[in-house]
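Content type compact mmCIF, C-alpha atoms, from the file target_24.txt:
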```
# COMPACT_ATOMS: atom_id res chain seq x y z
CA MET O 1 0.00 0.00 0.00
CA ARG O 2 1.24 3.45 -0.95
CA TYR O 3 0.46 7.04 -0.09
CA THR O 4 -2.12 8.58 -2.45
CA LYS O 5 -0.91 10.51 -5.50
CA THR O 6 -2.04 13.75 -3.82
CA ALA O 7 0.02 12.97 -0.70
CA VAL O 8 3.09 12.05 -2.74
CA THR O 9 2.83 15.18 -4.90
CA LEU O 10 2.39 17.44 -1.86
CA HIS O 11 5.29 15.77 -0.04
CA TRP O 12 7.83 16.22 -2.84
CA THR O 13 6.61 19.70 -3.79
CA ILE O 14 7.08 20.78 -0.17
CA VAL O 15 10.57 19.18 -0.11
CA LEU O 16 11.55 21.14 -3.22
CA ALA O 17 10.10 24.37 -1.84
CA ILE O 18 11.87 23.94 1.51
CA VAL O 19 15.22 23.26 -0.12
CA THR O 20 14.77 26.37 -2.31
CA ALA O 21 13.62 28.58 0.58
CA ALA O 22 16.47 27.37 2.79
CA SER O 23 19.10 27.93 0.07
CA VAL O 24 17.79 31.42 -0.73
CA GLY O 25 17.49 32.16 3.00
CA LEU O 26 21.07 31.16 3.79
CA TYR O 27 22.43 33.04 0.77
CA MET O 28 20.45 36.29 1.02
CA THR O 29 21.33 37.17 4.62
CA GLY O 30 25.03 37.49 3.75
CA LEU O 31 24.49 39.82 0.78
CA PRO O 32 25.28 43.54 0.97
CA PHE O 33 22.18 45.74 0.87
CA SER O 34 21.18 45.78 -2.80
CA PRO O 35 18.16 45.42 -5.12
CA GLN O 36 19.18 41.76 -5.49
CA LYS O 37 18.92 41.29 -1.73
CA LEU O 38 15.47 42.94 -1.54
CA LYS O 39 14.27 40.70 -4.38
CA LEU O 40 15.59 37.53 -2.74
CA TYR O 41 13.98 38.47 0.60
CA SER O 42 10.63 38.90 -1.15
CA TRP O 43 10.98 35.64 -3.05
CA HIS O 44 12.00 33.83 0.14
CA LYS O 45 8.84 35.13 1.85
CA TRP O 46 6.65 34.14 -1.10
CA ILE O 47 8.08 30.60 -1.04
CA GLY O 48 7.51 30.51 2.73
CA VAL O 49 3.85 31.47 2.38
CA THR O 50 3.51 28.82 -0.37
CA ILE O 51 5.06 26.18 1.91
CA PHE O 52 2.61 27.10 4.65
CA LEU O 53 -0.37 26.71 2.29
CA LEU O 54 0.93 23.39 0.92
CA ALA O 55 1.60 22.14 4.47
CA VAL O 56 -1.97 22.97 5.50
CA ALA O 57 -3.20 20.97 2.49
CA ARG O 58 -0.83 18.12 3.38
CA VAL O 59 -2.02 17.92 6.99
CA VAL O 60 -5.69 18.13 6.01
CA TRP O 61 -5.14 15.38 3.41
CA ARG O 62 -3.35 13.17 5.92
CA LEU O 63 -6.23 13.53 8.38
CA MET O 64 -8.68 12.60 5.61
CA ARG O 65 -6.66 9.70 4.16
CA ALA O 66 -4.83 7.51 6.66
CA ALA O 67 -1.15 6.82 5.99
CA PRO O 68 -0.38 3.31 4.71
CA ARG O 69 0.35 0.79 7.45
CA LEU O 70 3.90 0.43 8.67
CA PRO O 71 5.67 -2.92 8.06
CA PRO O 72 4.66 -5.49 10.72
CA ALA O 73 8.33 -6.11 11.60
CA MET O 74 8.70 -2.61 13.06
CA LEU O 75 9.21 -2.41 16.82
CA ARG O 76 6.98 -0.42 19.13
CA TRP O 77 9.59 2.29 19.80
CA GLN O 78 10.23 2.62 16.08
CA ARG O 79 6.51 3.13 15.40
CA ILE O 80 6.36 5.77 18.14
CA ALA O 81 9.51 7.45 16.78
CA ALA O 82 8.07 7.45 13.23
CA MET O 83 4.77 8.94 14.41
CA ALA O 84 6.50 11.55 16.60
CA SER O 85 8.88 12.66 13.85
CA HIS O 86 6.01 13.01 11.36
CA ILE O 87 4.04 15.16 13.79
CA LEU O 88 7.14 17.25 14.53
CA LEU O 89 7.77 17.73 10.79
CA TYR O 90 4.20 18.93 10.19
CA VAL O 91 4.40 21.29 13.17
CA LEU O 92 7.76 22.75 12.07
CA VAL O 93 6.70 23.15 8.44
CA LEU O 94 3.63 25.10 9.61
CA VAL O 95 5.34 27.10 12.37
CA ILE O 96 8.51 28.17 10.52
CA PRO O 97 6.71 30.29 7.87
CA VAL O 98 4.61 31.85 10.63
CA SER O 99 7.78 32.73 12.60
CA GLY O 100 9.17 34.39 9.46
CA TRP O 101 5.94 36.33 8.96
CA LEU O 102 5.91 37.54 12.59
CA MET O 103 9.60 38.45 12.35
CA SER O 104 8.95 40.52 9.21
CA SER O 105 6.08 42.35 10.89
CA ALA O 106 8.18 43.09 13.99
CA LEU O 107 11.02 44.39 11.78
CA GLY O 108 8.56 46.72 10.04
CA VAL O 109 8.48 45.04 6.64
CA LYS O 110 5.08 43.77 5.67
CA THR O 111 4.78 40.49 3.77
CA VAL O 112 3.03 40.97 0.42
CA TYR O 113 2.44 37.53 -1.11
CA LEU O 114 3.63 37.46 -4.75
CA GLY O 115 3.81 41.27 -4.52
CA VAL O 116 0.01 41.33 -4.68
CA VAL O 117 -1.66 40.04 -1.50
CA PRO O 118 -0.66 41.95 1.65
CA LEU O 119 -0.68 39.79 4.77
CA PRO O 120 -1.86 41.57 7.90
CA ASP O 121 0.82 42.50 10.43
CA LEU O 122 0.08 40.49 13.57
CA LEU O 123 2.78 42.37 15.49
CA ALA O 124 3.56 46.07 15.65
CA LYS O 125 7.06 47.20 14.75
CA ASN O 126 9.45 46.38 17.60
CA LYS O 127 13.12 45.96 16.75
CA ALA O 128 14.08 43.97 19.88
CA LEU O 129 11.20 41.55 19.32
CA GLY O 130 12.08 41.34 15.61
CA ASP O 131 15.69 40.43 16.41
CA ALA O 132 14.50 37.81 18.92
CA LEU O 133 12.14 36.32 16.32
CA LYS O 134 15.05 36.19 13.86
CA GLN O 135 16.80 33.87 16.35
CA VAL O 136 13.60 31.83 16.76
CA HIS O 137 13.26 31.51 12.96
CA ALA O 138 16.88 30.33 12.69
CA SER O 139 16.63 27.86 15.60
CA LEU O 140 13.41 26.34 14.27
CA ASN O 141 15.11 25.87 10.91
CA GLY O 142 18.09 24.22 12.58
CA THR O 143 15.67 21.85 14.32
CA LEU O 144 13.89 21.16 11.02
CA ALA O 145 17.22 20.33 9.35
CA VAL O 146 17.99 17.76 12.09
CA VAL O 147 14.52 16.15 11.95
CA VAL O 148 14.58 16.05 8.12
CA LEU O 149 17.96 14.30 8.19
CA LEU O 150 16.65 11.72 10.72
CA HIS O 151 13.50 11.27 8.60
CA ALA O 152 15.53 10.71 5.42
CA ALA O 153 18.04 8.46 7.20
CA ALA O 154 15.18 6.32 8.56
CA ALA O 155 13.62 6.04 5.08
CA LEU O 156 16.98 4.96 3.61
CA LYS O 157 17.51 2.47 6.44
CA HIS O 158 14.11 0.94 5.67
CA HIS O 159 15.06 0.67 2.01
CA PHE O 160 18.63 -0.57 2.24
CA VAL O 161 18.78 -2.34 5.63
CA GLU O 162 15.28 -3.67 6.36
CA ARG O 163 14.65 -3.88 2.60
CA ASP O 164 10.93 -3.10 3.09
CA ASP O 165 8.49 -0.89 1.12
CA VAL O 166 8.51 2.16 3.37
CA LEU O 167 10.45 4.33 0.88
CA HIS O 168 8.46 3.06 -2.09
CA ARG O 169 5.15 4.16 -0.56
CA MET O 170 6.29 7.81 -0.75
CA LEU O 171 8.63 7.44 -3.74
CA PRO O 172 6.79 5.42 -6.40
CA LEU O 173 9.70 5.87 -8.83
CA ILE O 174 11.52 3.03 -7.10
CA LYS O 175 10.17 -0.50 -7.51
CA PRO O 176 8.25 -2.17 -4.66
CA ARG O 177 10.23 -4.95 -2.97
CA ASP O 178 7.79 -7.82 -3.51
CA GLN O 179 7.72 -7.14 -7.27
CA ALA O 180 11.49 -6.75 -7.43
CA GLN O 181 11.96 -10.12 -5.77
CA ARG O 182 9.64 -11.92 -8.15
CA MET W 1 -15.92 78.31 47.04
CA THR W 2 -13.81 75.77 45.13
CA ARG W 3 -16.91 74.78 43.21
CA ALA W 4 -17.52 78.39 42.19
CA VAL W 5 -13.89 78.73 41.03
CA ALA W 6 -14.17 75.49 39.06
CA ARG W 7 -17.39 76.77 37.44
CA ILE W 8 -15.71 80.01 36.40
CA ALA W 9 -12.68 78.14 35.06
CA LEU W 10 -14.92 75.81 33.08
CA SER W 11 -16.90 78.70 31.61
CA ALA W 12 -13.65 80.41 30.65
CA ALA W 13 -12.37 77.23 29.01
CA LEU W 14 -15.58 76.83 27.04
CA LEU W 15 -15.43 80.47 26.02
CA VAL W 16 -11.85 80.07 24.74
CA ALA W 17 -12.81 76.92 22.83
CA ALA W 18 -15.71 78.76 21.24
CA LEU W 19 -13.59 81.69 20.03
CA PRO W 20 -13.27 82.02 16.27
CA ALA W 21 -10.21 80.00 15.30
CA HIS W 22 -8.87 82.32 12.62
CA ALA W 23 -8.13 84.87 15.30
CA GLN W 24 -4.81 83.08 15.87
CA ARG W 25 -2.04 83.86 13.42
CA ILE W 26 0.55 81.12 13.18
CA THR W 27 4.13 82.38 13.31
CA ALA W 28 6.15 79.33 14.35
CA VAL W 29 6.29 75.55 14.23
CA ALA W 30 6.42 73.40 17.36
CA VAL W 31 8.94 70.92 15.95
CA ASP W 32 8.58 68.51 18.88
CA ARG W 33 4.89 68.13 18.02
CA SER W 34 5.45 67.79 14.27
CA ALA W 35 6.59 64.93 12.07
CA ILE W 36 7.76 64.30 8.54
CA ALA W 37 7.35 60.71 7.43
CA PHE W 38 7.46 58.84 4.16
CA VAL W 39 6.35 55.57 2.63
CA SER W 40 8.63 53.86 0.14
CA LYS W 41 7.67 50.72 -1.74
CA GLN W 42 10.17 47.85 -1.90
CA MET W 43 9.05 44.96 -4.10
CA ASN W 44 5.55 46.45 -3.82
CA VAL W 45 5.78 46.34 -0.02
CA PRO W 46 5.04 49.70 1.64
CA VAL W 47 7.72 50.51 4.22
CA ASP W 48 7.34 53.38 6.70
CA GLY W 49 10.18 55.79 7.28
CA LYS W 50 10.68 59.20 8.87
CA PHE W 51 13.04 62.12 9.30
CA GLY W 52 14.09 62.77 12.88
CA ARG W 53 15.30 66.37 12.54
CA PHE W 54 14.00 69.34 10.60
CA SER W 55 13.44 73.04 11.09
CA ALA W 56 10.60 75.13 9.77
CA GLU W 57 9.52 78.73 9.38
CA ILE W 58 5.91 79.62 8.91
CA SER W 59 3.56 82.53 8.60
CA PHE W 60 -0.07 81.52 8.22
CA ASP W 61 -3.46 83.09 8.73
CA ALA W 62 -6.36 80.85 7.71
CA GLY W 63 -8.32 83.94 6.68
CA ARG W 64 -5.54 85.14 4.36
CA PRO W 65 -4.02 82.01 2.78
CA SER W 66 -2.57 83.89 -0.19
CA GLU W 67 -0.18 85.65 2.19
CA ALA W 68 0.98 82.43 3.82
CA LYS W 69 4.62 81.42 3.68
CA VAL W 70 6.34 78.28 4.80
CA SER W 71 9.80 76.84 4.46
CA ILE W 72 11.02 73.54 5.83
CA GLU W 73 14.58 72.26 5.96
CA VAL W 74 15.06 68.54 6.60
CA ASP W 75 18.31 67.12 7.98
CA LEU W 76 18.86 64.10 5.72
CA ASN W 77 21.30 62.55 8.18
CA SER W 78 18.32 62.00 10.47
CA ILE W 79 16.63 59.66 7.98
CA ASP W 80 15.12 56.46 9.35
CA THR W 81 14.07 54.18 6.51
CA GLY W 82 12.96 51.43 8.85
CA SER W 83 16.11 49.31 8.93
CA ASP W 84 19.74 49.95 9.94
CA GLU W 85 21.30 48.60 6.77
CA ALA W 86 18.99 50.68 4.58
CA ASN W 87 19.79 53.77 6.70
CA ALA W 88 23.50 53.27 6.05
CA GLU W 89 22.87 52.71 2.33
CA VAL W 90 20.64 55.72 1.61
CA LYS W 91 23.14 58.22 3.04
CA GLY W 92 25.63 57.13 0.39
CA ARG W 93 26.42 58.74 -2.95
CA SER W 94 23.91 56.88 -5.11
CA TRP W 95 21.05 57.89 -2.78
CA PHE W 96 21.01 61.18 -0.85
CA ASP W 97 24.79 61.76 -0.80
CA VAL W 98 24.40 63.48 2.57
CA LYS W 99 28.07 64.52 2.70
CA SER W 100 27.58 66.83 -0.28
CA PHE W 101 23.87 67.53 0.25
CA PRO W 102 23.11 67.37 3.98
CA SER W 103 19.60 68.79 3.77
CA ALA W 104 16.45 68.93 1.67
CA LYS W 105 14.55 72.18 1.47
CA PHE W 106 10.98 73.12 0.69
CA VAL W 107 10.01 76.75 0.09
CA SER W 108 6.38 77.59 -0.58
CA THR W 109 5.39 79.72 -3.54
CA GLY W 110 1.68 79.85 -2.77
CA VAL W 111 -1.15 78.63 -0.58
CA LYS W 112 -4.76 78.55 -1.64
CA ALA W 113 -7.94 77.64 0.22
CA LEU W 114 -9.89 74.67 -1.12
CA GLY W 115 -12.74 75.14 1.38
CA GLY W 116 -13.84 73.10 4.38
CA GLY W 117 -10.56 73.49 6.24
CA ARG W 118 -8.59 72.24 3.24
CA PHE W 119 -5.76 74.08 1.55
CA GLU W 120 -3.17 73.44 -1.12
CA VAL W 121 0.41 74.50 -0.72
CA THR W 122 2.67 74.70 -3.76
CA GLY W 123 6.38 75.29 -3.71
CA LYS W 124 9.88 74.31 -4.68
CA LEU W 125 11.45 71.20 -3.26
CA THR W 126 15.23 70.92 -3.50
CA ILE W 127 16.98 67.62 -2.87
CA LYS W 128 20.52 66.74 -3.94
CA GLY W 129 20.85 70.06 -5.75
CA ARG W 130 17.80 69.50 -7.93
CA THR W 131 14.71 71.65 -7.58
CA ARG W 132 11.22 70.53 -8.59
CA ASP W 133 7.74 72.02 -8.18
CA VAL W 134 5.49 70.17 -5.78
CA ALA W 135 1.91 70.65 -4.63
CA ALA W 136 0.43 69.17 -1.48
CA PRO W 137 -3.19 69.21 -0.35
CA LEU W 138 -3.53 69.57 3.39
CA THR W 139 -6.08 69.99 6.14
CA PHE W 140 -5.81 72.65 8.79
CA LYS W 141 -7.36 72.19 12.23
CA PRO W 142 -7.19 75.35 14.31
CA ASP W 143 -6.74 75.08 18.06
CA ALA W 144 -6.17 77.44 20.98
CA GLN W 145 -2.40 77.79 20.36
CA GLY W 146 -2.53 77.87 16.58
CA GLY W 147 -3.38 74.80 14.59
CA VAL W 148 -2.29 71.55 13.04
CA PHE W 149 -1.56 70.96 9.35
CA ASP W 150 -1.76 67.43 7.95
CA GLY W 151 -1.04 66.57 4.38
CA SER W 152 0.86 64.47 1.91
CA PHE W 153 2.18 64.41 -1.61
CA THR W 154 4.01 61.97 -3.82
CA LEU W 155 7.39 62.64 -5.37
CA LYS W 156 9.36 60.66 -7.90
CA ARG W 157 12.74 59.84 -6.37
CA LEU W 158 14.49 59.65 -9.76
CA ASP W 159 13.53 63.29 -10.46
CA TYR W 160 16.06 64.12 -7.76
CA GLY W 161 18.59 61.42 -8.62
CA ILE W 162 17.77 59.53 -5.41
CA GLY W 163 18.84 55.93 -5.91
CA SER W 164 20.95 55.82 -9.04
CA GLY W 165 22.95 53.00 -10.62
CA VAL W 166 21.60 49.55 -9.72
CA TRP W 167 18.91 51.23 -7.61
CA SER W 168 17.37 53.05 -10.59
CA ASP W 169 15.44 49.83 -11.24
CA THR W 170 11.98 50.90 -10.06
CA ASP W 171 10.68 47.31 -9.96
CA THR W 172 12.61 46.81 -6.72
CA VAL W 173 12.25 50.24 -5.12
CA ALA W 174 9.34 52.17 -6.62
CA ASN W 175 9.94 55.60 -8.13
CA GLU W 176 6.98 57.06 -6.23
CA VAL W 177 7.60 57.96 -2.60
CA GLN W 178 4.80 59.34 -0.48
CA ILE W 179 5.77 62.17 1.86
CA LYS W 180 3.47 62.80 4.83
CA PHE W 181 3.67 65.79 7.11
CA HIS W 182 2.08 66.67 10.42
CA VAL W 183 2.97 70.22 11.40
CA THR W 184 1.87 71.87 14.61
CA GLY W 185 1.78 75.62 14.19
CA VAL W 186 1.76 78.03 17.10
CA GLY W 187 1.34 81.76 17.53
CA GLY W 188 4.06 83.91 19.07
CA THR W 189 7.55 82.69 19.84
CA PRO W 190 8.66 79.27 18.60
CA LYS W 191 8.51 76.39 21.07
CA GLN W 192 11.33 73.92 20.49
```
File written out as structure tokens:
Amino acid sequence: MRYTKTAVTLHWTIVLAIVTAASVGLYMTGLPFSPQKLKLYSWHKWIGVTIFLLAVARVVWRLMRAAPRLPPAMLRWQRIAAMASHILLYVLVLVIPVSGWLMSSALGVKTVYLGVVPLPDLLAKNKALGDALKQVHASLNGTLAVVVLLHAAAALKHHFVERDDVLHRMLPLIKPRDQAQR
Amino acid sequence: MTRAVARIALSAALLVAALPAHAQRITAVAVDRSAIAFVSKQMNVPVDGKFGRFSAEISFDAGRPSEAKVSIEVDLNSIDTGSDEANAEVKGRSWFDVKSFPSAKFVSTGVKALGGGRFEVTGKLTIKGRTRDVAAPLTFKPDAQGGVFDGSFTLKRLDYGIGSGVWSDTDTVANEVQIKFHVTGVGGTPKQ
């Protein structure tokens, strides 16, 4: 049993968007003040808002369509760890864009999605709070990077060590094990 | 006794409030109760900024607007664009070049009444050695000390060579910049 096409599409689109947002985010902060920098900041925010919207869709979809069952060989602690890391990933992917949005508001720069849709400022301008939120945004991203690495490492372990179908159910490009063995 | 005094004071206060407002001629600006702010657009995002220091001279009688005169000089070193790195950037040569042009100056050429407490001031605005005509509609609210002027106008930054080179791309930082002013005018000697 695999994840639905919708779930798979959302998962990999979000992966691509996060990698892009993270790369742009790490690059832009070191640039000298320039039109290029202002553009990249805007694009980074637009990607962030997009990730938030996709993540909402992903979570709603997951609540509507149960995830495929885990392999019966998995131990209890492994099932708990898998469940906990999935919940943590969803929470982080929803919270990180919000932290960026709040940080922007506190630093006095509104977020205007795609240069067209202004998001309301939930916080008034406050430089100290803005700088604190910058730290929060960075720490949450550091946490996300760690959880994503664990998540990917677990998926690869399932594929190459346990040799089960856990990776296949989210990555249909690779062949399912039972077919490969036949 | 105290009640009687309070009653007299209250009547006096009401009487003052009811006096015709145009009786007060405005001869000075209370700078501490005035503000000059602006809104720039970066990637279509409006960003608030302000100027911390400016001086102003004024002569205004709401009943005789054609005789009104105002001049305002803004210290461009006091600019606050909203972020530290932008503040450092805009003082440089491609923006305001504050070393060569430390201030911006507005000198009125005329004021006309539009009715209903509204006026229009026209004048010459000089920034970075370039002078352009500007016109700003404003409202005037008289009070016991004088009155408060509120108004705004939009200038095109490239008319003054503000933001040249890579910054002349108006897709990133819009050419139009809205200038907003809140000026508290007082009668008699200036209050700083």
Interatomic distance (Å, one decimal) between CA of Val121 (chain W) and CA of Pro137 (chain W):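 The value is 6.4 Å.
A straight line drawn from CA of Ile79 (chain W) to CA of Gly49 (chain W) is 7.6 Å long.
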Rows by chain and residue number, chain O within 8 Å of chain W, shortest pair, all atoms listed in the file, as a Markdown table:
```
| residue | atom | partner | partner_atom | distance |
| --- | --- | --- | --- | --- |
| O:Phe33 | CA | W:Glu85 | CA | 6.6 |
| O:Ser34 | CA | W:Trp167 | CA | 7.6 |
| O:Pro35 | CA | W:Thr172 | CA | 5.9 |
| O:Leu38 | CA | W:Thr172 | CA | 7.1 |
| O:Lys39 | CA | W:Met43 | CA | 6.7 |
| O:Ser42 | CA | W:Met43 | CA | 6.9 |
| O:Leu107 | CA | W:Ser83 | CA | 7.6 |
| O:Gly108 | CA | W:Gly82 | CA | 6.6 |
| O:Val109 | CA | W:Val47 | CA | 6.0 |
| O:Lys110 | CA | W:Val45 | CA | 6.3 |
| O:Thr111 | CA | W:Val45 | CA | 7.0 |
| O:Val112 | CA | W:Val45 | CA | 6.0 |
| O:Gly115 | CA | W:Asn44 | CA | 5.5 |
| O:Val116 | CA | W:Asn44 | CA | 7.6 |
| O:Pro118 | CA | W:Val45 | CA | 8.0 |
```
Nearest residue to Val186 (chain W) from the set W:Ser94, W:Ser40, W:Gln145, W:Asn87 (distances using all atoms listed in the file): W:Gln145
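With CA of Lys128 (chain W) on one side and CA of Tyr160 (chain W) on the other, the separation reads 6.4 Å.
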Distance query 6 Å from (4.7, 33.7, 4.5) using only C-alpha atoms, result as a VMD selection string: chain O and resid 45 to 46 48 to 49 97 101
Write the residues you've just listed into a file as a PDB file, in the frame of the given file, and include C-alpha atoms for each of them.
```
ATOM      1  CA  LYS O  45       8.840  35.130   1.850  1.00  0.00           C
ATOM      2  CA  TRP O  46       6.650  34.140  -1.100  1.00  0.00           C
ATOM      3  CA  GLY O  48       7.510  30.510   2.730  1.00  0.00           C
ATOM      4  CA  VAL O  49       3.850  31.470   2.380  1.00  0.00           C
ATOM      5  CA  PRO O  97       6.710  30.290   7.870  1.00  0.00           C
ATOM      6  CA  TRP O 101       5.940  36.330   8.960  1.00  0.00           C
TER       7      TRP O 101
END
```
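Considering the residues W:Gly92, W:Gly151, W:Gly110, W:Gly163 and counting only C-alpha atoms, Ser66 (chain W) has its shortest atom-to-atom contact with W:Gly110.
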Proximity to Val166 (chain O) - best of O:Leu94, O:Ala154, O:Gln78, O:Val24, all atoms listed in the file: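 Going through O:Leu94, O:Ala154, O:Gln78, O:Val24 one by one, the smallest distance to Val166 (chain O) is for O:Ala154.
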Shell of 12 Å around Val19 (chain O), all atoms listed in the file, local chain residues under 6 positions omitted, as a ChimeraX atom specification: /O:12-13,25-26,44,47-48,51,141,144-145,148
C-alpha atoms of the current selection, written as a PDB file, in the coordinates of the input:
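Listed below is the output, part_24.pdb:
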```pdb
ATOM      1  CA  TRP O  12       7.830  16.220  -2.840  1.00  0.00           C
ATOM      2  CA  THR O  13       6.610  19.700  -3.790  1.00  0.00           C
ATOM      3  CA  GLY O  25      17.490  32.160   3.000  1.00  0.00           C
ATOM      4  CA  LEU O  26      21.070  31.160   3.790  1.00  0.00           C
ATOM      5  CA  HIS O  44      12.000  33.830   0.140  1.00  0.00           C
ATOM      6  CA  ILE O  47       8.080  30.600  -1.040  1.00  0.00           C
ATOM      7  CA  GLY O  48       7.510  30.510   2.730  1.00  0.00           C
ATOM      8  CA  ILE O  51       5.060  26.180   1.910  1.00  0.00           C
ATOM      9  CA  ASN O 141      15.110  25.870  10.910  1.00  0.00           C
ATOM     10  CA  LEU O 144      13.890  21.160  11.020  1.00  0.00           C
ATOM     11  CA  ALA O 145      17.220  20.330   9.350  1.00  0.00           C
ATOM     12  CA  VAL O 148      14.580  16.050   8.120  1.00  0.00           C
TER      13      VAL O 148
END
```
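Minimum atom-to-atom distance to Leu76 (chain W), evaluated using only C-alpha atoms, belongs to W:Ile127 out of W:Thr122, W:Glu176, W:Ile127, W:Val31.
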Long-range neighbours of Asp61 (chain W) as a list in words, 8 Å cut-off, only C-alpha atoms, 5 positions minimum in chain: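 The neighbour list is His22, Gln24, Arg25, Ile26, Glu67 and Ala68 of chain W.
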Centre and edges of the region 148-152 of chain O box, axis-aligned, 3 Å extra per side, as lines of an AutoDock Vina configuration file:
```
center_x = 15.7
center_y = 13.4
center_z = 8.1
size_x = 10.5
size_y = 11.3
size_z = 11.3
```
Protein/DNA/RNA residues near (27.7, 64.2, -0.8), cut 12 Å, only C-alpha atoms, as an NGL selection string: :W and (76-77 or 90-103 or 127-129 or 162)
